[in-house]
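These notes are about the structure you will find just below.
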Amino acid sequence: MSNITFTMLKPDAVANNYTGAIISDFIQGGFKIQAMKYIWLTAKQAGKFYDIHKERPFYNDLVAYMSSGPIVAMVLEKDNAVESFRTLIGATDPTKAAEGTIRKKYAKSIEANAVHGSDSDANAIIESSFFFSQFERF
Ligand code: UDP
Ligand code: MG
């Protein structure tokens with residue numbers, strides 16, 4: 001399944017009222033919404049979602065941050081979704097993100113960087129199924 005990716009509008013983006021603008025950018029970028037959920041993660045849930053990063057020095061801060069306020073989780077569809085979406089959002093560090101990208105426009109810091117984007121087709125499905133039961137069939 002190369003046509004879906006998973007994203008979250010992170011707590012800084014939601015708290016700063018960028019939700020509508022960012023979703024508009026996704027749609028302008030050619031993505032279709034397949035699923036969407038507004039949810040406040042517990043630290044346990046955030047820790048499980050980011051389990052692949054548990055040995056990284058930023059893990060504990062990241063888990064605290066991702067459970068600090070509500071997020072919007074979404075599954076997006078487009079041809080070549082994973083790569084196309086990562087181009088739209090820009091580099092992890094907003095100071096290195098290209099002009100016009102979502103992280104360049106809306107991110108506060110390398111941690112509070114406005115949005116998540118899956119890094120592979122396999123992870124897009126794993127991450128989508130973390131939030132949305134309908135993706136478990138893939
Ligand atoms: N992160 C951080 N410090 C770092 C690198 C990453 O706080 O030095 C956070 C940031 O929120 C990032 C997330 O951890 O989005 C996951 O890191 P990853 O390397 O997977 O970046 P992404 O795929 O989100 O661009
Ligand atoms: Mg990543």
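Scheme for the structure tokens: letters A, B, ... for chains in order shown; per-chain residue numbers from 1; ligand numbers from 1 in order shown.
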Taking the DSSP secondary structure from the backbone, can you list the residues of chain A that are alpha helix (DSSP H), as a JSON list (two decimals) with C-alpha atoms, in the first residue's frame?
[["chain", "number", "residue", "atom", "x", "y", "z"],
["A", 11, "PRO", "CA", 0.20, 19.75, 20.59],
["A", 12, "ASP", "CA", 1.94, 23.03, 19.66],
["A", 13, "ALA", "CA", 0.07, 23.25, 16.33],
["A", 14, "VAL", "CA", -3.32, 22.53, 17.92],
["A", 15, "ALA", "CA", -2.69, 24.90, 20.88],
["A", 19, "THR", "CA", -5.30, 23.12, 12.90],
["A", 20, "GLY", "CA", -7.45, 24.57, 10.12],
["A", 21, "ALA", "CA", -4.55, 26.16, 8.23],
["A", 22, "ILE", "CA", -2.48, 22.98, 8.32],
["A", 23, "ILE", "CA", -5.35, 20.73, 7.21],
["A", 24, "SER", "CA", -5.98, 23.22, 4.39],
["A", 25, "ASP", "CA", -2.31, 22.89, 3.36],
["A", 26, "PHE", "CA", -2.67, 19.09, 3.29],
["A", 27, "ILE", "CA", -5.70, 19.35, 0.99],
["A", 28, "GLN", "CA", -4.02, 22.00, -1.20],
["A", 43, "ALA", "CA", 2.06, 9.52, 28.34],
["A", 44, "LYS", "CA", 1.72, 5.75, 28.10],
["A", 45, "GLN", "CA", 0.11, 5.98, 24.65],
["A", 46, "ALA", "CA", 2.65, 8.54, 23.41],
["A", 47, "GLY", "CA", 5.48, 6.37, 24.72],
["A", 48, "LYS", "CA", 4.11, 3.36, 22.87],
["A", 49, "PHE", "CA", 3.67, 5.31, 19.62],
["A", 59, "TYR", "CA", 12.62, 10.26, 23.99],
["A", 60, "ASN", "CA", 11.44, 11.25, 27.51],
["A", 61, "ASP", "CA", 10.98, 14.90, 26.55],
["A", 62, "LEU", "CA", 9.20, 13.88, 23.35],
["A", 63, "VAL", "CA", 6.75, 11.64, 25.23],
["A", 64, "ALA", "CA", 6.02, 14.40, 27.78],
["A", 65, "TYR", "CA", 5.51, 16.92, 24.99],
["A", 66, "MET", "CA", 3.27, 14.66, 22.88],
["A", 81, "ALA", "CA", 1.99, 9.53, -0.08],
["A", 82, "VAL", "CA", 4.91, 8.97, 2.32],
["A", 83, "GLU", "CA", 7.58, 10.73, 0.28],
["A", 84, "SER", "CA", 5.24, 13.43, -1.04],
["A", 85, "PHE", "CA", 4.06, 14.24, 2.48],
["A", 86, "ARG", "CA", 7.57, 14.48, 3.92],
["A", 87, "THR", "CA", 8.40, 16.96, 1.16],
["A", 88, "LEU", "CA", 5.30, 19.01, 2.07],
["A", 89, "ILE", "CA", 6.16, 19.13, 5.81],
["A", 102, "ILE", "CA", 4.53, 23.24, 6.96],
["A", 103, "ARG", "CA", 7.28, 22.95, 9.57],
["A", 104, "LYS", "CA", 8.92, 26.14, 8.28],
["A", 105, "LYS", "CA", 5.61, 27.98, 8.56],
["A", 106, "TYR", "CA", 4.19, 26.57, 11.80],
["A", 121, "ASP", "CA", 4.86, 2.59, 3.78],
["A", 122, "ALA", "CA", 5.18, -0.10, 6.45],
["A", 123, "ASN", "CA", 5.25, 2.45, 9.26],
["A", 124, "ALA", "CA", 2.33, 4.36, 7.71],
["A", 125, "ILE", "CA", 0.18, 1.25, 8.15],
["A", 126, "ILE", "CA", 1.50, 0.45, 11.65],
["A", 127, "GLU", "CA", 0.93, 4.06, 12.77],
["A", 128, "SER", "CA", -2.53, 4.27, 11.15],
["A", 129, "SER", "CA", -3.62, 1.08, 12.89],
["A", 130, "PHE", "CA", -2.42, 2.51, 16.24],
["A", 131, "PHE", "CA", -5.29, 5.04, 16.02]]
Using only C-alpha atoms and all ligand atoms, what table do you get, as a Markdown table, when you list each residue of chain A with an atom no more than 9 Å from ligand 2, its nearest pair of atoms, and their distance in Å rounded to one decimal, rows by chain then rising number?
| residue | atom | partner | partner_atom_place_in_ligand_line | distance |
| --- | --- | --- | --- | --- |
| A:Tyr50 | CA | ligand 2 | 1 (Mg) | 8.9 |
| A:His53 | CA | ligand 2 | 1 (Mg) | 8.8 |
| A:Thr92 | CA | ligand 2 | 1 (Mg) | 8.2 |
| A:His116 | CA | ligand 2 | 1 (Mg) | 7.2 |
| A:Gly117 | CA | ligand 2 | 1 (Mg) | 6.6 |
| A:Ser118 | CA | ligand 2 | 1 (Mg) | 6.2 |
| A:Asp119 | CA | ligand 2 | 1 (Mg) | 5.6 |
For the selection you just gave me, I'd like the residues written to a file as a JSON list (two decimals), in the first residue's frame, keeping all heavy atoms.
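Writing the result to part.json gives the following:
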[["chain", "number", "residue", "atom", "x", "y", "z"],
["A", 50, "TYR", "N", 5.92, 6.17, 20.08],
["A", 50, "TYR", "CA", 7.31, 6.51, 19.75],
["A", 50, "TYR", "C", 8.30, 5.47, 20.26],
["A", 50, "TYR", "O", 9.49, 5.79, 20.40],
["A", 50, "TYR", "CB", 7.65, 7.90, 20.29],
["A", 50, "TYR", "CG", 7.12, 9.03, 19.42],
["A", 50, "TYR", "CD1", 6.10, 9.85, 19.86],
["A", 50, "TYR", "CD2", 7.66, 9.27, 18.15],
["A", 50, "TYR", "CE1", 5.62, 10.89, 19.06],
["A", 50, "TYR", "CE2", 7.18, 10.30, 17.34],
["A", 50, "TYR", "CZ", 6.17, 11.10, 17.80],
["A", 50, "TYR", "OH", 5.71, 12.13, 17.00],
["A", 53, "HIS", "N", 11.88, 5.12, 19.14],
["A", 53, "HIS", "CA", 12.87, 6.13, 19.54],
["A", 53, "HIS", "C", 13.28, 6.00, 21.00],
["A", 53, "HIS", "O", 13.93, 6.90, 21.54],
["A", 53, "HIS", "CB", 12.33, 7.54, 19.31],
["A", 53, "HIS", "CG", 12.13, 7.90, 17.88],
["A", 53, "HIS", "ND1", 13.09, 7.66, 16.92],
["A", 53, "HIS", "CD2", 11.09, 8.48, 17.22],
["A", 53, "HIS", "CE1", 12.64, 8.08, 15.74],
["A", 53, "HIS", "NE2", 11.43, 8.57, 15.90],
["A", 92, "THR", "N", 12.88, 17.85, 9.89],
["A", 92, "THR", "CA", 12.53, 17.72, 11.31],
["A", 92, "THR", "C", 12.80, 19.02, 12.07],
["A", 92, "THR", "O", 11.99, 19.46, 12.89],
["A", 92, "THR", "CB", 13.36, 16.58, 11.94],
["A", 92, "THR", "OG1", 13.19, 15.40, 11.15],
["A", 92, "THR", "CG2", 12.94, 16.31, 13.37],
["A", 116, "HIS", "N", 3.66, 15.36, 12.54],
["A", 116, "HIS", "CA", 4.36, 14.08, 12.32],
["A", 116, "HIS", "C", 4.09, 13.63, 10.89],
["A", 116, "HIS", "O", 3.03, 13.91, 10.34],
["A", 116, "HIS", "CB", 3.81, 13.03, 13.30],
["A", 116, "HIS", "CG", 4.28, 11.63, 12.99],
["A", 116, "HIS", "ND1", 5.51, 11.17, 13.40],
["A", 116, "HIS", "CD2", 3.71, 10.61, 12.29],
["A", 116, "HIS", "CE1", 5.67, 9.92, 12.97],
["A", 116, "HIS", "NE2", 4.59, 9.56, 12.29],
["A", 117, "GLY", "N", 5.04, 12.90, 10.32],
["A", 117, "GLY", "CA", 4.81, 12.22, 9.03],
["A", 117, "GLY", "C", 5.50, 10.88, 9.03],
["A", 117, "GLY", "O", 6.66, 10.78, 9.45],
["A", 118, "SER", "N", 4.81, 9.84, 8.57],
["A", 118, "SER", "CA", 5.41, 8.51, 8.52],
["A", 118, "SER", "C", 6.66, 8.51, 7.65],
["A", 118, "SER", "O", 6.77, 9.28, 6.70],
["A", 118, "SER", "CB", 4.42, 7.49, 7.94],
["A", 118, "SER", "OG", 3.23, 7.47, 8.69],
["A", 119, "ASP", "N", 7.59, 7.59, 7.96],
["A", 119, "ASP", "CA", 8.85, 7.53, 7.20],
["A", 119, "ASP", "C", 8.92, 6.37, 6.21],
["A", 119, "ASP", "O", 9.92, 6.24, 5.50],
["A", 119, "ASP", "CB", 10.06, 7.51, 8.15],
["A", 119, "ASP", "CG", 10.10, 6.29, 9.04],
["A", 119, "ASP", "OD1", 9.27, 5.36, 8.86],
["A", 119, "ASP", "OD2", 10.97, 6.25, 9.93]]
Revision key, fill the gap. Shortest contact to Val72 (chain A), candidates A:Thr7, A:Gln34, A:Ser120, A:Ser109, atoms counted only C-alpha atoms, goes to A:Thr7
Point to revise | Given only C-alpha atoms and all ligand atoms as the counted atoms, nearest of A:Glu55, A:Glu77, A:Asp93, A:Glu111 to ligand 1 | key: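 Smallest distance to ligand 1 is found for A:Glu111.
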I'd like the contact shell of Tyr38 (chain A) - 7 Å cut-off, only C-alpha atoms, skipping same-chain residues fewer than 2 positions apart - returned as an mmCIF file with N, CA and C atoms, in the first residue's frame.
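Wrote out25.cif, looks like this:
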data_model
loop_
_atom_site.group_PDB
_atom_site.id
_atom_site.type_symbol
_atom_site.label_atom_id
_atom_site.label_comp_id
_atom_site.auth_asym_id
_atom_site.auth_seq_id
_atom_site.Cartn_x
_atom_site.Cartn_y
_atom_site.Cartn_z
ATOM 1 N N PRO A 70 -3.978 18.181 23.384
ATOM 2 C CA PRO A 70 -4.613 17.411 22.312
ATOM 3 C C PRO A 70 -3.842 17.463 20.996
ATOM 4 N N ILE A 71 -4.028 16.424 20.223
ATOM 5 C CA ILE A 71 -3.460 16.315 18.877
ATOM 6 C C ILE A 71 -4.587 15.986 17.896
ATOM 7 N N VAL A 72 -4.293 16.048 16.608
ATOM 8 C CA VAL A 72 -5.217 15.538 15.591
ATOM 9 C C VAL A 72 -4.470 14.480 14.792
ATOM 10 N N ALA A 73 -4.943 13.240 14.872
ATOM 11 C CA ALA A 73 -4.342 12.119 14.127
ATOM 12 C C ALA A 73 -5.125 11.930 12.830
#
Check your understanding: DSSP says strand (DSSP E or B) for which residues of chain A? Put them as an MDAnalysis selection string?
Key -> chainID A and resid 4:9 32:39 71:77 115:117
Point to revise | Residue with smallest distance to Lys37 (chain A) - pool A:Asp51, A:Ala91, A:Asn3, A:Leu9, counting only C-alpha atoms | key: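 Ranked by minimum distance to Lys37 (chain A), first place goes to A:Leu9.
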Check your understanding: To one decimal place, how far is atom 4 (C, counted along the ligand's line) of ligand 1 from CA of Phe58 (chain A) in Å?
Key -> 5.9 Å
Check your understanding: Hey, which of A:Ala107, A:Ile39, A:Ile4, A:Ala97 ends up closest to Asp79 (chain A)? Count only C-alpha atoms.
Key ->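 Smallest separation from Asp79 (chain A) among the options: A:Ile4.
Shortest separation to ligand 1 among A:Leu41, A:Val75, A:Met36, A:Met8 occurs at residue A:Met8, atoms counted being only C-alpha atoms and all ligand atoms.
For the atom pair formed by atom 9 (C, counted along the ligand's line) of ligand 1 and CA of Glu136 (chain A), the distance is 26.0 Å, given to one decimal.
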